[in-house]
Amino acid sequence: MEQLVLKASRRTNLGTKHACREREAGRLPAIIYGHGEDPEPISLDAHDALLELQHGARVFNLELDGKQIQYLVKDVQYDYLDTNPLHVDLMRVKVGEKVHVKVGVELRGTPEGIAEGGVLDHPVSEVDVECLITQIPETIVAGVKHLKVGEALLAKDLELPAGVTLLTDPEERIAAVRVLAEEIVEEEAGEEAEQPEVIGRAKEEEGPEKEG
Amino acid sequence: MALMPKRIKYRKSQRGKIRGRASRGNSVSYGEFGLQVLECGWITARQIEAGRVAATHFLHREGRVYVRLFPHKPVSAKPLETRMGKGKGDPEFWVACVRPGTIMYEIGGVVEDVARDAFRRVAAKMPYRCRFVTRRVGV
């Protein structure tokens, strides 16, 4: 997908009140930082920025002061429903500079172990990688068809695109096929279920005896 | 057995008010899909357990269900046919306070359609409006 050029404008009035007003006006507050330079508070078009984020953009192409520059999307704050962005952190990146980013791992195929009664566990869904901003992969696809019960896919087994280096511990388990332990069904306690222990209650009762 | 704390500092608590929106516990963190509550209120330990059982039974032991709620708050009640007064009643049940945005359950290790169906059953057990959410990868 062709990347949008987001028109950015500088923010002069800072603070919560002014940020809220920006959002009401359809703008998205953002900040640019990095490389030891002063941070620059800016605002973007909220609709365009949301579209870019929904399409998984990791780099924003901004038009600021008549110049087009690429920035790495370092962090995004979302609202209470985790849907709409409230603020975006953008990082300055030099040409040829490698950046650290998190990339999702997508599992493909049904493991052989599932037929044997196993369950596919996917404890790690993201890995840390280092690459150029132009080479950030959308996802890392990993085949798990060969996994049998008791086998695991480790981070070092992932096939990374050219120019991408893994930073996560190579022995980290990305996915594993395991057999679930039998669920222990506890009997439903009656209405007189045991009550939790009250902290300090026992000490208070023992206290006077010790004194006496 | 319904969830409840093992140790507590005080047996009874005041009702309190639930104001505002969820500022934490509002993103999918453990699984790939989640059930997010859209209203504020109490969810009892029995309801939490009912939701968990509904999800695990539907999944036929596939995938994994995570319960993100815990009932920390005791609710007291007076016995039937008791006159008013004579002090606060004894704790009857335990509840978890939820605010709009709180993720109640998460599911991992299954495809989206299965997770949606499982959460549809769980949502039917819940006293508030809920919605299905997916985990955001990257930023």
# chains A, B, ... in the order shown; residues from 1 in each chain; ligands from 1
>>> interface_residues(of="chain A", to="chain B", cutoff="7 Å", atoms="only C-alpha atoms", output="list of chain:residue names")
A:Asp75, A:Val76, A:Tyr80, A:Leu81, A:Asp82, A:Lys102, A:Val103, A:Gly104, A:Val119, A:Leu120, A:Asp121, A:His122, A:Glu186, A:Glu187, A:Glu188, A:Ala189, A:Pro196, A:Glu197, A:Val198, A:Ile199
>>> write_last_selection(atoms="all heavy atoms", output="compact mmCIF listing (two decimals), in the first residue's frame")
# COMPACT_ATOMS: atom_id res chain seq x y z
N ASP A 75 5.65 5.03 19.80
CA ASP A 75 4.60 4.64 20.77
C ASP A 75 3.31 5.34 20.40
O ASP A 75 3.33 6.44 19.84
CB ASP A 75 5.04 5.05 22.18
CG ASP A 75 4.18 4.39 23.25
OD1 ASP A 75 3.53 3.38 22.94
OD2 ASP A 75 4.15 4.89 24.38
N VAL A 76 2.20 4.68 20.73
CA VAL A 76 0.88 5.29 20.50
C VAL A 76 0.06 5.10 21.76
O VAL A 76 0.02 4.00 22.33
CB VAL A 76 0.15 4.61 19.31
CG1 VAL A 76 -1.17 5.32 19.03
CG2 VAL A 76 1.00 4.60 18.07
N TYR A 80 -9.63 4.81 26.42
CA TYR A 80 -9.97 3.77 27.41
C TYR A 80 -10.50 2.51 26.75
O TYR A 80 -10.41 1.43 27.33
CB TYR A 80 -10.98 4.32 28.41
CG TYR A 80 -12.36 4.58 27.85
CD1 TYR A 80 -13.39 3.71 28.11
CD2 TYR A 80 -12.60 5.69 27.07
CE1 TYR A 80 -14.66 3.94 27.59
CE2 TYR A 80 -13.85 5.92 26.54
CZ TYR A 80 -14.87 5.05 26.80
OH TYR A 80 -16.10 5.28 26.28
N LEU A 81 -11.07 2.61 25.56
CA LEU A 81 -11.55 1.41 24.87
C LEU A 81 -10.47 0.80 23.98
O LEU A 81 -10.71 -0.17 23.28
CB LEU A 81 -12.78 1.73 24.03
CG LEU A 81 -14.06 2.00 24.82
CD1 LEU A 81 -15.19 2.40 23.88
CD2 LEU A 81 -14.48 0.80 25.63
N ASP A 82 -9.27 1.42 24.01
CA ASP A 82 -8.14 0.91 23.25
C ASP A 82 -8.44 0.94 21.73
O ASP A 82 -8.06 0.02 21.01
CB ASP A 82 -7.81 -0.52 23.70
CG ASP A 82 -6.35 -0.85 23.48
OD1 ASP A 82 -5.55 0.08 23.49
OD2 ASP A 82 -6.03 -2.02 23.26
N LYS A 102 9.30 -4.00 17.60
CA LYS A 102 8.63 -5.27 17.89
C LYS A 102 7.82 -5.67 16.67
O LYS A 102 7.11 -4.84 16.10
CB LYS A 102 7.67 -5.10 19.08
CG LYS A 102 8.36 -5.13 20.42
CD LYS A 102 7.33 -5.12 21.52
CE LYS A 102 7.94 -4.97 22.88
NZ LYS A 102 8.83 -6.05 23.27
N VAL A 103 7.94 -6.93 16.29
CA VAL A 103 7.20 -7.43 15.12
C VAL A 103 6.40 -8.65 15.54
O VAL A 103 6.89 -9.50 16.30
CB VAL A 103 8.18 -7.78 13.97
CG1 VAL A 103 7.42 -8.31 12.77
CG2 VAL A 103 9.00 -6.58 13.56
N GLY A 104 5.16 -8.71 15.07
CA GLY A 104 4.28 -9.83 15.42
C GLY A 104 4.70 -11.11 14.71
O GLY A 104 5.24 -11.08 13.61
N VAL A 119 -2.29 -29.36 22.46
CA VAL A 119 -2.87 -28.01 22.31
C VAL A 119 -1.74 -27.07 21.94
O VAL A 119 -0.66 -27.13 22.52
CB VAL A 119 -3.52 -27.56 23.63
CG1 VAL A 119 -3.92 -26.10 23.58
CG2 VAL A 119 -4.73 -28.40 23.94
N LEU A 120 -2.00 -26.22 20.96
CA LEU A 120 -0.97 -25.27 20.52
C LEU A 120 -0.96 -24.07 21.46
O LEU A 120 -1.97 -23.39 21.64
CB LEU A 120 -1.24 -24.81 19.08
CG LEU A 120 -0.26 -23.80 18.51
CD1 LEU A 120 1.13 -24.39 18.38
CD2 LEU A 120 -0.74 -23.27 17.17
N ASP A 121 0.17 -23.85 22.06
CA ASP A 121 0.34 -22.71 22.96
C ASP A 121 1.20 -21.68 22.24
O ASP A 121 2.20 -22.04 21.62
CB ASP A 121 1.04 -23.20 24.23
CG ASP A 121 0.64 -22.38 25.44
OD1 ASP A 121 -0.23 -21.51 25.28
OD2 ASP A 121 1.19 -22.61 26.52
N HIS A 122 0.81 -20.42 22.33
CA HIS A 122 1.52 -19.35 21.61
C HIS A 122 1.88 -18.26 22.62
O HIS A 122 1.27 -17.20 22.65
CB HIS A 122 0.59 -18.83 20.52
CG HIS A 122 1.19 -17.84 19.58
ND1 HIS A 122 2.55 -17.71 19.40
CD2 HIS A 122 0.64 -16.93 18.75
CE1 HIS A 122 2.77 -16.76 18.51
NE2 HIS A 122 1.63 -16.27 18.11
N GLU A 186 -13.31 -28.94 41.35
CA GLU A 186 -13.55 -28.83 42.79
C GLU A 186 -15.03 -28.90 43.07
O GLU A 186 -15.84 -28.39 42.31
CB GLU A 186 -12.99 -27.51 43.31
CG GLU A 186 -11.47 -27.47 43.28
CD GLU A 186 -10.96 -26.15 43.83
OE1 GLU A 186 -11.66 -25.55 44.67
OE2 GLU A 186 -9.88 -25.74 43.42
N GLU A 187 -15.35 -29.54 44.16
CA GLU A 187 -16.76 -29.65 44.53
C GLU A 187 -17.27 -28.29 44.99
O GLU A 187 -16.57 -27.55 45.68
CB GLU A 187 -16.94 -30.67 45.64
CG GLU A 187 -16.88 -32.09 45.09
CD GLU A 187 -17.13 -33.10 46.18
OE1 GLU A 187 -17.75 -32.76 47.19
OE2 GLU A 187 -16.68 -34.25 45.98
N GLU A 188 -18.47 -27.99 44.57
CA GLU A 188 -19.08 -26.70 44.95
C GLU A 188 -19.30 -26.68 46.46
O GLU A 188 -19.94 -27.57 47.02
CB GLU A 188 -20.41 -26.55 44.21
CG GLU A 188 -21.10 -25.21 44.41
CD GLU A 188 -20.40 -24.09 43.66
OE1 GLU A 188 -19.80 -24.35 42.60
OE2 GLU A 188 -20.48 -22.96 44.13
N ALA A 189 -18.73 -25.69 47.07
CA ALA A 189 -18.92 -25.58 48.52
C ALA A 189 -20.34 -25.09 48.80
O ALA A 189 -20.96 -24.42 47.97
CB ALA A 189 -17.92 -24.59 49.09
N PRO A 196 -12.40 -15.92 53.93
CA PRO A 196 -10.96 -15.65 53.92
C PRO A 196 -10.44 -15.31 55.32
O PRO A 196 -11.20 -14.82 56.15
CB PRO A 196 -10.83 -14.45 53.00
CG PRO A 196 -12.14 -14.21 52.41
CD PRO A 196 -13.16 -14.98 53.13
N GLU A 197 -9.16 -15.56 55.48
CA GLU A 197 -8.53 -15.24 56.77
C GLU A 197 -8.40 -13.72 56.90
O GLU A 197 -8.00 -13.05 55.94
CB GLU A 197 -7.14 -15.89 56.78
CG GLU A 197 -6.32 -15.61 57.99
CD GLU A 197 -4.86 -15.90 57.75
OE1 GLU A 197 -4.54 -16.67 56.81
OE2 GLU A 197 -4.03 -15.36 58.50
N VAL A 198 -8.73 -13.21 58.07
CA VAL A 198 -8.61 -11.76 58.27
C VAL A 198 -7.24 -11.48 58.86
O VAL A 198 -6.88 -12.04 59.90
CB VAL A 198 -9.72 -11.23 59.20
CG1 VAL A 198 -9.58 -9.74 59.41
CG2 VAL A 198 -11.08 -11.58 58.63
N ILE A 199 -6.47 -10.63 58.19
CA ILE A 199 -5.11 -10.33 58.62
C ILE A 199 -5.17 -9.60 59.96
O ILE A 199 -5.90 -8.61 60.10
CB ILE A 199 -4.38 -9.46 57.58
CG1 ILE A 199 -4.32 -10.19 56.25
CG2 ILE A 199 -2.99 -9.09 58.04
CD1 ILE A 199 -3.95 -9.32 55.08
>>> select_by_dssp(residues="chain B", states="strand (DSSP E or B)", output="PyMOL selection string")
chain B and resi 7-8+33-37+41-44+64-67+73-77+90-98+103-108+130-134
>>> atom_distance(atom1="atom CA of Val111 of chain B", atom2="atom CA of Lys125 of chain B")
22.0 Å
>>> atom_distance(atom1="atom CA of Glu39 of chain B", atom2="atom CA of Pro71 of chain B")
17.0 Å
>>> atom_distance(atom1="atom CA of Arg46 of chain B", atom2="atom CA of Arg201 of chain A")
27.3 Å
>>> residues_around(residues="Glu116 of chain A", least_positions_apart="4", cutoff="12 Å", atoms="only C-alpha atoms", output="MDAnalysis selection string")
chainID A and resid 110:112 120 147:150 177:180
>>> select_by_dssp(residues="chain A", states="alpha helix (DSSP H)", output="VMD selection string")
chain A and resid 16 to 24 46 to 54 112 to 115 201 to 211
>>> residues_around(residues="segment 75-90 of chain B", least_positions_apart="5", cutoff="12 Å", atoms="only C-alpha atoms", output="list in words")
Glu192 and Gln195 of chain A; Met4, Tyr10, Arg11, Lys12, Ser13, Gln14, Arg15, Gly16, Trp42, Ile43, Thr44, Ala45, Val95, Ala96 and Cys97 of chain B
>>> residues_around(residues="Cys131 of chain A", least_positions_apart="6", cutoff="6 Å", atoms="only C-alpha atoms", output="list in words")
Lys98, Val99 and Val164 of chain A
>>> write_last_selection(atoms="all heavy atoms", output="PDB file, in the first residue's frame")
ATOM      1  N   LYS A  98      19.855   1.783  12.020  1.00  0.00           N
ATOM      2  CA  LYS A  98      19.022   0.629  12.339  1.00  0.00           C
ATOM      3  C   LYS A  98      18.204   0.933  13.596  1.00  0.00           C
ATOM      4  O   LYS A  98      18.693   1.588  14.509  1.00  0.00           O
ATOM      5  CB  LYS A  98      19.888  -0.612  12.542  1.00  0.00           C
ATOM      6  CG  LYS A  98      20.485  -1.101  11.243  1.00  0.00           C
ATOM      7  CD  LYS A  98      20.895  -2.534  11.307  1.00  0.00           C
ATOM      8  CE  LYS A  98      21.201  -3.046   9.907  1.00  0.00           C
ATOM      9  NZ  LYS A  98      21.540  -4.452   9.896  1.00  0.00           N
ATOM     10  N   VAL A  99      16.988   0.439  13.623  1.00  0.00           N
ATOM     11  CA  VAL A  99      16.093   0.714  14.756  1.00  0.00           C
ATOM     12  C   VAL A  99      15.639  -0.606  15.387  1.00  0.00           C
ATOM     13  O   VAL A  99      15.651  -1.644  14.737  1.00  0.00           O
ATOM     14  CB  VAL A  99      14.858   1.531  14.314  1.00  0.00           C
ATOM     15  CG1 VAL A  99      15.243   2.924  13.919  1.00  0.00           C
ATOM     16  CG2 VAL A  99      14.110   0.833  13.192  1.00  0.00           C
ATOM     17  N   VAL A 164      17.189  -8.182   8.581  1.00  0.00           N
ATOM     18  CA  VAL A 164      16.518  -8.111   9.889  1.00  0.00           C
ATOM     19  C   VAL A 164      17.264  -9.017  10.864  1.00  0.00           C
ATOM     20  O   VAL A 164      17.514 -10.179  10.567  1.00  0.00           O
ATOM     21  CB  VAL A 164      15.038  -8.553   9.770  1.00  0.00           C
ATOM     22  CG1 VAL A 164      14.347  -8.499  11.113  1.00  0.00           C
ATOM     23  CG2 VAL A 164      14.304  -7.682   8.764  1.00  0.00           C
TER      24      VAL A 164
END
